file data.cif (mmCIF, C-alpha atoms)
data_upload
#
loop_
_atom_site.label_atom_id
_atom_site.label_comp_id
_atom_site.auth_asym_id
_atom_site.auth_seq_id
_atom_site.Cartn_x
_atom_site.Cartn_y
_atom_site.Cartn_z
CA MET A 19 132.64 94.74 -86.64
CA VAL A 20 135.84 96.76 -87.24
CA TYR A 21 136.94 100.25 -88.12
CA GLU A 22 138.63 101.00 -91.44
CA ASN A 23 139.70 104.52 -92.30
CA GLY A 24 137.50 105.84 -89.51
CA LEU A 25 134.40 104.04 -90.81
CA LEU A 26 132.44 101.34 -89.06
CA ILE A 27 132.46 98.19 -91.18
CA TRP A 28 130.37 95.02 -90.52
CA GLU A 29 132.42 91.87 -90.63
CA GLN A 30 131.27 89.35 -93.17
CA GLY A 31 131.01 85.68 -92.50
CA VAL A 32 130.50 85.94 -88.74
CA GLU A 33 127.00 84.69 -87.91
CA GLY A 34 124.95 87.34 -86.14
CA SER A 35 127.44 90.15 -86.64
CA ASN A 36 125.49 91.65 -89.57
CA PRO A 37 122.09 93.07 -88.57
CA PHE A 38 120.88 92.42 -92.10
CA SER A 39 121.90 88.77 -92.20
CA PRO A 40 119.18 86.29 -93.27
CA THR A 41 118.82 84.92 -89.75
CA ILE A 42 118.28 88.28 -88.08
CA LEU A 43 115.99 89.49 -90.85
CA PHE A 44 113.92 86.35 -90.42
CA VAL A 45 113.61 86.95 -86.67
CA ILE A 46 112.61 90.60 -87.15
CA LEU A 47 110.08 89.85 -89.87
CA SER A 48 108.61 86.99 -87.82
CA PHE A 49 108.21 89.29 -84.82
CA LEU A 50 106.48 91.95 -86.91
CA PHE A 51 104.25 89.36 -88.58
CA TYR A 52 103.03 87.82 -85.35
CA SER A 53 102.71 91.22 -83.65
CA PHE A 54 100.48 92.40 -86.46
CA PHE A 55 98.15 89.43 -86.21
CA PHE A 56 98.13 89.61 -82.40
CA VAL A 57 96.92 93.22 -82.54
CA LEU A 58 94.47 92.31 -85.31
CA SER A 59 93.06 89.50 -83.18
CA LEU A 60 92.50 91.91 -80.29
CA ILE A 61 90.63 94.27 -82.59
CA THR A 62 88.45 91.58 -84.12
CA LYS A 63 87.69 90.09 -80.71
CA LYS A 64 86.45 93.44 -79.39
CA LYS A 65 82.99 92.90 -77.98
CA LEU A 66 80.32 95.13 -79.50
CA MET A 67 77.46 96.55 -77.44
CA ASP A 68 74.56 98.88 -78.20
CA PHE A 69 73.64 101.85 -76.03
CA CYS A 70 70.21 102.89 -74.79
CA HIS A 71 69.39 106.25 -73.20
CA PHE A 72 66.87 105.83 -70.39
CA LEU A 73 64.54 108.72 -69.60
CA THR A 74 64.74 108.56 -65.81
CA SER A 75 62.13 111.33 -65.52
CA TYR A 76 63.23 112.46 -62.07
CA MET A 77 61.79 115.79 -60.91
CA PRO A 78 63.07 116.50 -57.37
CA ASP A 79 62.01 120.14 -57.71
CA PRO A 80 58.39 120.32 -58.98
CA SER A 81 58.75 124.09 -59.47
CA VAL A 82 60.65 123.29 -62.69
CA GLY A 83 57.25 122.62 -64.21
CA SER A 84 55.95 119.71 -66.25
CA GLU A 85 56.33 121.43 -69.63
CA ILE A 86 60.07 122.06 -69.20
CA HIS A 87 60.59 118.64 -67.61
CA PHE A 88 59.04 116.79 -70.54
CA GLN A 89 60.73 119.01 -73.14
CA ASN A 90 64.07 118.14 -71.55
CA MET A 91 63.38 114.44 -72.09
CA ILE A 92 62.29 115.05 -75.69
CA ASP A 93 65.51 116.99 -76.35
CA GLN A 94 67.55 114.15 -74.85
CA SER A 95 65.81 111.67 -77.13
CA ILE A 96 66.51 113.76 -80.24
CA LEU A 97 70.17 114.05 -79.25
CA ALA A 98 70.43 110.31 -78.55
CA ASP A 99 69.23 109.66 -82.11
CA LYS A 100 71.91 111.98 -83.53
CA LEU A 101 74.70 110.58 -81.34
CA GLY A 102 74.22 106.98 -82.42
CA TYR A 103 72.41 105.51 -79.45
CA ASN A 104 70.47 102.44 -80.54
CA THR A 105 67.44 102.94 -78.30
CA VAL A 106 65.67 105.37 -76.03
CA SER A 107 63.75 103.80 -73.15
CA ILE A 108 60.66 105.19 -71.40
CA PRO A 109 59.51 104.11 -67.91
CA GLU A 110 55.98 103.77 -66.59
CA HIS A 111 55.21 105.03 -63.11
CA HIS A 112 52.29 106.90 -61.62
CA LEU A 113 51.59 109.28 -58.72
CA ILE A 114 55.25 110.04 -57.90
CA ASN A 115 58.09 112.38 -58.98
CA ILE A 116 60.65 109.66 -59.77
CA LEU A 117 60.51 107.66 -63.02
CA MET A 118 57.42 109.79 -63.63
CA MET A 119 55.68 108.69 -66.83
CA PRO A 120 51.99 107.77 -66.71
CA SER A 121 51.74 107.15 -70.48
CA PRO A 122 54.93 105.80 -72.08
CA LEU A 123 53.18 104.94 -75.35
CA GLN A 124 52.17 108.56 -75.87
CA MET A 125 55.75 109.60 -75.21
CA ALA A 126 57.01 106.97 -77.64
CA VAL A 127 54.83 108.38 -80.42
CA LYS A 128 55.99 111.93 -79.70
CA ILE A 129 59.66 110.88 -79.83
CA ALA A 130 59.09 108.97 -83.07
CA THR A 131 57.77 112.11 -84.79
CA LEU A 132 61.02 113.96 -83.97
CA THR A 133 63.64 111.26 -84.61
CA LYS A 134 64.73 109.20 -87.61
CA ASN A 135 66.46 105.99 -86.63
CA ILE A 136 66.40 105.31 -82.91
CA ASN A 137 64.30 102.46 -81.54
CA ILE A 138 61.87 103.31 -78.76
CA THR A 139 61.30 100.97 -75.83
CA THR A 140 58.78 101.04 -73.03
CA GLY A 141 60.99 100.27 -70.08
CA ILE A 142 58.90 99.00 -68.45
CA ALA A 143 55.12 99.03 -69.17
CA VAL A 144 53.32 97.61 -66.12
CA LEU A 145 50.79 95.15 -67.54
CA PRO A 146 48.82 94.43 -64.32
CA LEU A 147 47.74 98.09 -64.25
CA HIS A 148 46.02 97.87 -67.66
CA ASP A 149 43.06 96.12 -69.26
CA MET A 150 44.61 94.16 -72.13
CA ARG A 151 41.48 94.47 -74.25
CA THR A 152 42.03 98.23 -74.59
CA TYR A 153 45.79 98.28 -74.02
CA ALA A 154 46.37 96.02 -77.04
CA GLY A 155 44.73 98.69 -79.21
CA ASP A 156 46.96 101.36 -77.64
CA VAL A 157 50.04 99.26 -78.43
CA ALA A 158 48.92 98.63 -82.02
CA THR A 159 48.33 102.36 -82.55
CA ALA A 160 51.76 103.21 -81.13
CA ASP A 161 53.33 100.58 -83.40
CA ILE A 162 51.74 102.27 -86.40
CA LEU A 163 52.63 105.83 -85.37
CA THR A 164 56.25 104.95 -84.54
CA ASN A 165 56.60 103.25 -87.97
CA GLY A 166 57.42 99.94 -86.33
CA ARG A 167 60.22 101.30 -84.13
CA LEU A 168 58.41 100.40 -80.90
CA ILE A 169 59.84 97.67 -78.67
CA LEU A 170 57.27 96.82 -76.02
CA GLY A 171 59.07 96.22 -72.73
CA VAL A 172 56.73 94.78 -70.10
CA GLY A 173 56.84 93.78 -66.45
CA ARG A 174 54.82 93.14 -63.31
CA GLY A 175 55.58 96.39 -61.43
CA ALA A 176 58.23 97.31 -58.88
CA PHE A 177 56.82 99.75 -56.32
CA GLU A 178 54.45 98.22 -53.76
CA TRP A 179 53.09 101.64 -52.69
CA GLU A 180 52.16 102.49 -56.26
CA MET A 181 50.66 99.10 -57.13
CA GLU A 182 48.42 99.02 -54.06
CA ARG A 183 47.02 102.49 -54.69
CA LEU A 184 46.20 101.56 -58.26
CA GLY A 185 44.29 98.44 -57.24
CA SER A 186 46.82 95.79 -58.24
CA PRO A 187 48.69 94.63 -55.10
CA LYS A 188 52.24 93.53 -55.76
CA ASN A 189 51.73 90.14 -54.10
CA GLU A 190 49.21 89.32 -56.86
CA SER A 191 51.06 91.03 -59.70
CA LYS A 192 53.12 88.05 -60.92
CA GLU A 193 50.10 85.84 -61.56
CA LYS A 194 48.18 88.72 -63.15
CA PHE A 195 51.19 89.67 -65.28
CA VAL A 196 51.53 86.15 -66.71
CA GLU A 197 47.85 86.06 -67.70
CA SER A 198 47.90 89.63 -69.01
CA LEU A 199 50.93 88.87 -71.20
CA ASP A 200 49.18 85.81 -72.62
CA VAL A 201 46.05 87.82 -73.44
CA LEU A 202 48.06 90.69 -74.94
CA GLN A 203 50.01 88.42 -77.27
CA LEU A 204 46.88 86.69 -78.46
CA LEU A 205 45.11 89.99 -79.15
CA LEU A 206 48.09 91.46 -81.02
CA ASN A 207 48.73 88.40 -83.17
CA LYS A 208 45.31 86.85 -83.79
CA LYS A 209 41.75 87.78 -84.63
CA GLU A 210 38.51 86.72 -82.94
CA VAL A 211 40.20 85.99 -79.63
CA SER A 212 38.24 84.67 -76.66
CA TYR A 213 39.68 83.96 -73.22
CA GLN A 214 38.75 82.24 -69.99
CA GLY A 215 41.07 82.80 -67.05
CA LYS A 216 41.26 84.16 -63.52
CA TYR A 217 41.49 87.82 -64.50
CA TYR A 218 40.09 87.80 -68.03
CA ASN A 219 36.90 86.21 -69.34
CA PHE A 220 35.51 87.45 -72.63
CA ASP A 221 33.87 86.34 -75.85
CA PRO A 222 35.62 86.61 -79.25
CA ILE A 223 37.00 90.08 -80.06
CA THR A 224 39.43 91.52 -82.58
CA ILE A 225 41.46 94.59 -81.68
CA MET A 226 41.41 97.38 -84.23
CA PRO A 227 43.54 98.78 -85.76
CA ARG A 228 45.86 95.88 -86.42
CA PRO A 229 49.58 96.41 -85.71
CA ILE A 230 51.95 96.78 -88.67
CA SER A 231 54.79 94.80 -87.04
CA LYS A 232 54.38 91.05 -87.30
CA PRO A 233 55.03 90.51 -84.51
CA ILE A 234 55.68 93.55 -82.32
CA SER A 235 59.06 93.09 -80.68
CA MET A 236 58.64 92.44 -76.94
CA MET A 237 61.01 92.54 -73.97
CA ILE A 238 60.44 91.24 -70.46
CA ALA A 239 61.92 92.75 -67.31
CA ALA A 240 63.36 89.90 -65.24
CA MET A 241 65.67 89.70 -62.24
CA ASP A 242 65.87 86.08 -61.05
CA LEU A 243 67.76 83.55 -63.13
CA GLU A 244 64.82 81.26 -63.85
CA SER A 245 62.67 84.17 -65.12
CA ILE A 246 65.50 85.35 -67.37
CA LYS A 247 66.00 81.89 -68.86
CA SER A 248 62.27 81.26 -69.23
CA SER A 249 61.65 84.61 -70.94
CA ALA A 250 64.44 84.03 -73.46
CA SER A 251 63.30 80.47 -74.16
CA LYS A 252 59.86 81.86 -75.09
CA GLY A 253 61.35 84.28 -77.61
CA PHE A 254 61.39 87.50 -75.58
CA HIS A 255 64.19 90.00 -75.34
CA VAL A 256 65.21 90.46 -71.69
CA GLN A 257 65.93 93.54 -69.61
CA SER A 258 67.66 93.15 -66.26
CA THR A 259 70.05 94.90 -63.88
CA VAL A 260 72.63 93.89 -61.31
CA LEU A 261 71.96 96.92 -59.06
CA SER A 262 74.70 96.56 -56.44
CA GLY A 263 75.51 92.97 -57.38
CA THR A 264 78.84 91.44 -58.28
CA LYS A 265 80.46 90.48 -61.56
CA GLU A 266 79.59 86.87 -60.71
CA LEU A 267 75.90 87.81 -60.59
CA LEU A 268 76.24 89.52 -63.96
CA ILE A 269 77.77 86.38 -65.47
CA GLN A 270 75.02 84.23 -63.97
CA ARG A 271 72.32 86.39 -65.55
CA VAL A 272 74.04 86.44 -68.92
CA ASN A 273 74.42 82.66 -68.83
CA ALA A 274 70.76 82.20 -67.88
CA PHE A 275 69.78 84.33 -70.89
CA LYS A 276 72.08 82.38 -73.20
CA GLU A 277 70.70 79.05 -71.99
CA GLY A 278 67.15 80.19 -72.68
CA ALA A 279 68.04 81.63 -76.08
CA GLU A 280 69.84 78.43 -77.11
CA GLU A 281 66.62 76.48 -76.60
CA LEU A 282 65.15 78.45 -79.53
CA GLY A 283 67.94 77.51 -81.91
CA GLU A 284 68.52 80.01 -84.72
CA LYS A 285 65.71 82.32 -83.53
CA GLY A 286 67.43 82.63 -80.18
CA LYS A 287 70.42 84.29 -81.85
CA LEU A 288 68.18 87.27 -82.66
CA LEU A 289 67.33 87.94 -79.02
CA LYS A 290 68.83 90.82 -77.04
CA LEU A 291 69.90 91.03 -73.40
CA SER A 292 69.81 94.59 -72.04
CA MET A 293 71.34 95.56 -68.71
CA GLN A 294 70.39 98.80 -66.98
CA ARG A 295 72.89 100.84 -64.94
CA MET A 296 73.09 104.32 -63.45
CA ALA A 297 75.89 106.02 -65.40
CA PHE A 298 77.17 109.51 -66.16
CA ALA A 299 80.23 110.65 -68.12
CA ALA A 300 81.86 113.19 -65.82
CA LYS A 301 84.28 115.91 -66.94
CA ASN A 302 86.87 114.83 -64.38
CA GLU A 303 87.23 113.19 -60.96
CA ASN A 304 86.01 116.28 -59.12
CA ASP A 305 82.89 116.42 -61.27
CA ALA A 306 82.34 112.68 -60.71
CA ASN A 307 82.50 113.17 -56.93
CA LYS A 308 79.86 115.91 -57.06
CA LYS A 309 77.58 113.83 -59.28
CA ASN A 310 77.89 110.79 -57.01
CA ILE A 311 76.63 112.91 -54.13
CA LEU A 312 73.59 113.88 -56.23
CA ALA A 313 73.03 110.22 -57.10
CA TYR A 314 73.15 109.33 -53.41
CA GLU A 315 70.28 111.78 -52.80
CA TYR A 316 68.36 110.22 -55.69
CA TYR A 317 68.66 106.76 -54.15
CA LYS A 318 67.31 108.04 -50.85
CA ARG A 319 64.02 108.49 -52.71
CA PHE A 320 64.33 105.44 -54.94
CA ASP A 321 64.94 103.13 -51.96
CA ASN A 322 61.92 104.63 -50.21
CA MET A 323 59.75 103.32 -53.06
CA PHE A 324 61.63 100.16 -54.09
CA THR A 325 62.37 98.57 -50.72
CA GLY A 326 61.16 101.11 -48.17
CA PRO A 327 57.86 102.18 -46.59
CA GLY A 328 56.69 104.39 -49.47
CA LYS A 329 56.44 107.79 -47.82
CA VAL A 330 54.94 110.23 -50.32
CA LYS A 331 53.38 113.68 -49.89
CA ASN A 332 51.81 115.67 -52.74
CA GLY A 333 53.39 113.31 -55.23
CA GLU A 334 56.89 113.95 -53.86
CA ILE A 335 58.84 111.02 -52.47
CA LYS A 336 60.48 111.72 -49.14
CA PRO A 337 64.25 111.07 -49.02
CA LEU A 338 65.07 108.54 -46.29
CA PRO A 339 68.42 107.61 -44.70
CA ARG A 340 70.31 104.82 -46.49
CA LYS A 341 72.25 101.94 -44.99
CA GLN A 342 74.69 101.97 -47.89
CA SER A 343 77.44 104.59 -47.56
CA LEU A 344 78.33 107.11 -50.26
CA GLU A 345 81.65 105.36 -50.86
CA GLU A 346 79.92 102.00 -51.30
CA LEU A 347 77.49 103.56 -53.77
CA LYS A 348 80.37 105.05 -55.77
CA GLU A 349 81.79 101.56 -56.24
CA ASN A 350 78.48 100.31 -57.66
CA LEU A 351 77.65 103.17 -60.03
CA ILE A 352 79.32 104.15 -63.30
CA ILE A 353 79.60 107.88 -62.62
CA CYS A 354 83.13 108.68 -63.75
CA PRO A 355 85.28 110.14 -66.56
CA THR A 356 84.98 108.45 -69.96
CA ASN A 357 88.20 106.41 -69.78
CA GLU A 358 87.03 104.78 -66.56
CA MET A 359 83.54 104.34 -67.99
CA ILE A 360 84.94 102.41 -70.96
CA ASP A 361 86.80 100.08 -68.61
CA LYS A 362 83.72 99.44 -66.47
CA LEU A 363 81.37 98.94 -69.41
CA SER A 364 83.83 96.59 -71.10
CA ILE A 365 83.02 94.07 -68.37
CA TYR A 366 79.40 94.01 -69.59
CA ALA A 367 80.34 93.73 -73.25
CA GLU A 368 82.81 90.93 -72.58
CA ALA A 369 80.24 89.10 -70.46
CA GLY A 370 77.85 89.02 -73.44
CA VAL A 371 75.44 91.89 -72.71
CA ASN A 372 73.99 93.12 -76.02
CA GLU A 373 72.81 96.53 -74.86
CA ILE A 374 73.61 98.77 -71.90
CA ILE A 375 70.77 100.99 -70.71
CA ILE A 376 72.20 104.25 -69.38
CA SER A 377 70.08 105.78 -66.62
CA SER A 378 71.66 109.21 -66.21
CA ASP A 379 69.20 111.61 -64.58
CA PHE A 380 69.69 111.86 -60.83
CA GLY A 381 69.13 115.59 -60.28
CA GLN A 382 71.80 117.34 -62.36
CA THR A 383 70.96 120.17 -64.76
CA GLN A 384 69.80 119.59 -68.32
CA SER A 385 72.98 121.17 -69.70
CA GLU A 386 75.09 118.74 -67.65
CA MET A 387 73.00 115.85 -68.94
CA ILE A 388 73.52 116.98 -72.54
CA GLU A 389 77.28 117.33 -72.01
CA SER A 390 77.45 113.80 -70.58
CA MET A 391 75.47 112.41 -73.53
CA HIS A 392 77.91 114.06 -75.93
CA ARG A 393 80.89 112.54 -74.12
CA ILE A 394 79.25 109.10 -74.18
CA GLY A 395 78.28 109.44 -77.83
CA GLU A 396 81.63 110.76 -79.01
CA GLU A 397 84.10 108.94 -76.74
CA VAL A 398 82.43 105.84 -75.27
CA ILE A 399 79.98 104.45 -77.83
CA PRO A 400 82.58 104.32 -80.66
CA HIS A 401 84.72 102.01 -78.49
CA PHE A 402 81.94 99.40 -78.62
CA LYS A 403 81.10 99.79 -82.31
CA ASN A 404 82.85 99.18 -85.62
CA SER A 405 82.69 102.82 -86.63
CA LYS A 406 81.99 106.14 -85.01
CA SER A 407 78.50 107.56 -85.39
CA GLN A 408 78.29 111.00 -86.95
CA VAL A 409 76.37 113.79 -85.26
CA ALA A 410 74.11 115.73 -87.57
#

call {"tool": "encode", "arguments": {"input": "data.cif", "output": "structure tokens"}}
result
Amino acid sequence: MVYENGLLIWEQGVEGSNPFSPTILFVILSFLFYSFFFVLSLITKKKLMDFCHFLTSYMPDPSVGSEIHFQNMIDQSILADKLGYNTVSIPEHHLINILMMPSPLQMAVKIATLTKNINITTGIAVLPLHDMRTYAGDVATADILTNGRLILGVGRGAFEWEMERLGSPKNESKEKFVESLDVLQLLLNKKEVSYQGKYYNFDPITIMPRPISKPISMMIAAMDLESIKSSASKGFHVQSTVLSGTKELLIQRVNAFKEGAEELGEKGKLLKLSMQRMAFAAKNENDANKKNILAYEYYKRFDNMFTGPGKVKNGEIKPLPRKQSLEELKENLIICPTNEMIDKLSIYAEAGVNEIIISSDFGQTQSEMIESMHRIGEEVIPHFKNSKSQVA
């Protein structure tokens, strides 16, 4: 290039000296073309994942009162429906103030009367505690009254203290669960059912009323790899968790589910793997630190029931010292600001988890819970969906 009369002039005929020469234009356009499709590929490869709000039903202070406690959970369910959560999940536990829900099917019906779109899962109904001949009728009624939005999540039971006091020892629960599940499916799907087994022996009966869903969608809680694969291969959705496990364990469980689902062929593609995690969308790092301390207190009670001696007085679980430190717990939980939450949950979506179950109640106030749900609904969920859900 040269100057003529004080003006900058591009020399002609010198290759590369003109920024608008065919060669340079080709390079620029090629760069833009491939950049566009690279970004497009990242967008289209984004892994989608549904969100489930779990009603942890934790009442560390009984003076709150049962009416307020249950209304809080109902309000959370209504908000979850408006925010675009796919599912609300209801536990079943008895005699204790953690995961406290003696009748999840009743709660499911109540939630269905106040919501429009959200699916409602029992997470998890403990089959060994029920007589399938009457429980099948309860399930059919709930299916009708929820307009087919019920997903029946079932399992064998988790708390030894609870199972023993209700007459179904945990060391017998697996065998009883398998037979109970068989009986329940037969009663829900067929008429004039008779059965001869270890726990059930009865002449032909037909449960009434009949369910409207054909069949009722069912999910099995499973932790070990063989149970996950087996459940999927039999056509069940699967709920699991990695607790304090590693990413490698997560991948193993996802792969076990995929292997089982593949055995079903096309029907297997309709199955869902849900993974449950304790999570909370904090306002900032300081808020996250405070909430992790609350969660640590929650796990002092949870561990007492799940792996500990089961020390309970007046329905209140005693908090016991934990071997795991607060800092170690922080690493395992997803209690953090939304940008960090997106990063952590992306690992689950990329691994192939279809739904993340957010267990958020560990002793914070209802207003803090609602604020967290809004942040998840407005900032986190849209990242894992094609479009942002609108709040009514």

call {"tool": "atom_distance", "arguments": {"input": "data.cif", "atom1": "atom CA of Lys287 of chain A", "atom2": "atom CA of Gly102 of chain A"}}
result
23.0 Å

call {"tool": "closest_atom_pairs", "arguments": {"input": "data.cif", "of": "segment 125-180 of chain A", "to": "segment 329-352 of chain A", "cutoff": "12 Å", "atoms": "only C-alpha atoms", "output": "JSON lines"}}
result
{"residue": "A:Phe177", "atom": "CA", "partner": "A:Lys329", "partner_atom": "CA", "distance": 11.7}
{"residue": "A:Glu178", "atom": "CA", "partner": "A:Lys329", "partner_atom": "CA", "distance": 11.4}
{"residue": "A:Trp179", "atom": "CA", "partner": "A:Lys329", "partner_atom": "CA", "distance": 8.5}
{"residue": "A:Glu180", "atom": "CA", "partner": "A:Val330", "partner_atom": "CA", "distance": 10.1}

call {"tool": "atom_distance", "arguments": {"input": "data.cif", "atom1": "atom CA of His148 of chain A", "atom2": "atom CA of Asn104 of chain A"}}
result
28.0 Å

call {"tool": "resolve_selection", "arguments": {"input": "data.cif", "expression": "the PyMOL selection byres ((chain A and resi 276-286) around 10)", "output": "ChimeraX atom specification"}}
result
/A:244-255,270-275,287-291,370

call {"tool": "resolve_selection", "arguments": {"input": "data.cif", "expression": "the PyMOL selection byres ((chain A and resi 108-120) around 8)", "output": "VMD selection string"}}
result
chain A and resid 72 to 78 80 106 to 107 121 to 122 125 to 126 138 to 144 180 319 to 320 330 333 to 335

call {"tool": "closest_residue", "arguments": {"input": "data.cif", "among": "A:Leu206, A:Ala154, A:Leu145, A:Ile169", "to": "Lys188 of chain A", "atoms": "only C-alpha atoms"}}
result
A:Leu145

call {"tool": "resolve_selection", "arguments": {"input": "data.cif", "expression": "the PyMOL selection byres ((chain A and resi 165) around 10)", "output": "MDAnalysis selection string"}}
result
chainID A and resid 127 130:131 159:164 166:168 230:231

call {"tool": "atom_distance", "arguments": {"input": "data.cif", "atom1": "atom CA of Ser95 of chain A", "atom2": "atom CA of Val157 of chain A"}}
result
20.1 Å

call {"tool": "residues_around", "arguments": {"input": "data.cif", "residues": "Ala306 of chain A", "least_positions_apart": "3", "cutoff": "6 Å", "atoms": "only C-alpha atoms", "output": "PDB file with C-alpha atoms, in the coordinates of the input"}}
result
ATOM      1  CA  ALA A 300      81.860 113.190 -65.820  1.00  0.00           C
ATOM      2  CA  GLU A 303      87.230 113.190 -60.960  1.00  0.00           C
ATOM      3  CA  LYS A 309      77.580 113.830 -59.280  1.00  0.00           C
ATOM      4  CA  ILE A 353      79.600 107.880 -62.620  1.00  0.00           C
ATOM      5  CA  CYS A 354      83.130 108.680 -63.750  1.00  0.00           C
TER       6      CYS A 354
END

call {"tool": "residues_around", "arguments": {"input": "data.cif", "residues": "Met387 of chain A", "least_positions_apart": "6", "cutoff": "12 Å", "atoms": "all atoms listed in the file", "output": "list of chain:residue names"}}
result
A:His71, A:Phe72, A:Leu73, A:Thr74, A:Asn90, A:Met91, A:Asp93, A:Gln94, A:Ser95, A:Leu97, A:Ala98, A:Ala297, A:Phe298, A:Ala299, A:Ala300, A:Lys301, A:Lys309, A:Ile376, A:Ser377, A:Ser378, A:Asp379, A:Phe380, A:Gly381, A:Arg393, A:Ile394

call {"tool": "closest_residue", "arguments": {"input": "data.cif", "among": "A:Ala176, A:Ile96, A:Glu397, A:Asp79", "to": "Gly326 of chain A", "atoms": "all atoms listed in the file"}}
result
A:Ala176

call {"tool": "closest_residue", "arguments": {"input": "data.cif", "among": "A:Met323, A:Asn219, A:Leu170, A:Phe195", "to": "Ile234 of chain A", "atoms": "all atoms listed in the file"}}
result
A:Leu170

call {"tool": "closest_residue", "arguments": {"input": "data.cif", "among": "A:Glu396, A:Asp68, A:Glu210, A:Asp242", "to": "Ser364 of chain A", "atoms": "only C-alpha atoms"}}
result
A:Asp68

call {"tool": "residues_near_point", "arguments": {"input": "data.cif", "point": "(39.1, 87.6, -66.8)", "cutoff": "12 Å", "atoms": "all atoms listed in the file", "output": "mmCIF file with C-alpha atoms, in the coordinates of the input"}}
result
data_model
loop_
_atom_site.group_PDB
_atom_site.id
_atom_site.type_symbol
_atom_site.label_atom_id
_atom_site.label_comp_id
_atom_site.auth_asym_id
_atom_site.auth_seq_id
_atom_site.Cartn_x
_atom_site.Cartn_y
_atom_site.Cartn_z
ATOM 1 C CA ASP A 149 43.060 96.120 -69.260
ATOM 2 C CA MET A 150 44.610 94.160 -72.130
ATOM 3 C CA ARG A 151 41.480 94.470 -74.250
ATOM 4 C CA LYS A 194 48.180 88.720 -63.150
ATOM 5 C CA GLU A 197 47.850 86.060 -67.700
ATOM 6 C CA SER A 198 47.900 89.630 -69.010
ATOM 7 C CA ASP A 200 49.180 85.810 -72.620
ATOM 8 C CA VAL A 201 46.050 87.820 -73.440
ATOM 9 C CA SER A 212 38.240 84.670 -76.660
ATOM 10 C CA TYR A 213 39.680 83.960 -73.220
ATOM 11 C CA GLN A 214 38.750 82.240 -69.990
ATOM 12 C CA GLY A 215 41.070 82.800 -67.050
ATOM 13 C CA LYS A 216 41.260 84.160 -63.520
ATOM 14 C CA TYR A 217 41.490 87.820 -64.500
ATOM 15 C CA TYR A 218 40.090 87.800 -68.030
ATOM 16 C CA ASN A 219 36.900 86.210 -69.340
ATOM 17 C CA PHE A 220 35.510 87.450 -72.630
ATOM 18 C CA ASP A 221 33.870 86.340 -75.850
#

call {"tool": "closest_residue", "arguments": {"input": "data.cif", "among": "A:Asp156, A:His401, A:Glu266, A:Ile225", "to": "Ala367 of chain A", "atoms": "only C-alpha atoms"}}
result
A:His401

call {"tool": "closest_residue", "arguments": {"input": "data.cif", "among": "A:Arg174, A:Lys232, A:Lys128, A:Lys65", "to": "Ile399 of chain A", "atoms": "all atoms listed in the file"}}
result
A:Lys65

call {"tool": "build_atoms", "arguments": {"input": "data.cif", "residues": "segment 256-267 of chain A", "atoms": "N, CA and C atoms", "output": "CSV table (one decimal), keeping the file's coordinate frame"}}
result
chain,number,residue,atom,x,y,z
A,256,VAL,N,65.2,90.4,-73.2
A,256,VAL,CA,65.2,90.5,-71.7
A,256,VAL,C,65.9,91.7,-71.2
A,257,GLN,N,65.3,92.4,-70.3
A,257,GLN,CA,65.9,93.5,-69.6
A,257,GLN,C,66.2,93.2,-68.1
A,258,SER,N,67.4,93.5,-67.7
A,258,SER,CA,67.7,93.2,-66.3
A,258,SER,C,68.6,94.2,-65.7
A,259,THR,N,69.1,94.0,-64.5
A,259,THR,CA,70.0,94.9,-63.9
A,259,THR,C,70.7,94.1,-62.8
A,260,VAL,N,71.9,94.5,-62.4
A,260,VAL,CA,72.6,93.9,-61.3
A,260,VAL,C,72.6,94.8,-60.1
A,261,LEU,N,72.0,96.0,-60.2
A,261,LEU,CA,72.0,96.9,-59.1
A,261,LEU,C,73.3,97.0,-58.4
A,262,SER,N,73.4,96.5,-57.1
A,262,SER,CA,74.7,96.6,-56.4
A,262,SER,C,75.4,95.2,-56.4
A,263,GLY,N,75.0,94.3,-57.4
A,263,GLY,CA,75.5,93.0,-57.4
A,263,GLY,C,76.9,92.9,-57.9
A,264,THR,N,77.5,91.7,-57.9
A,264,THR,CA,78.8,91.4,-58.3
A,264,THR,C,79.0,91.0,-59.7
A,265,LYS,N,80.2,91.0,-60.2
A,265,LYS,CA,80.5,90.5,-61.6
A,265,LYS,C,80.0,89.0,-61.7
A,266,GLU,N,80.1,88.3,-60.7
A,266,GLU,CA,79.6,86.9,-60.7
A,266,GLU,C,78.1,86.8,-61.0
A,267,LEU,N,77.3,87.8,-60.4
A,267,LEU,CA,75.9,87.8,-60.6
A,267,LEU,C,75.6,88.2,-62.0
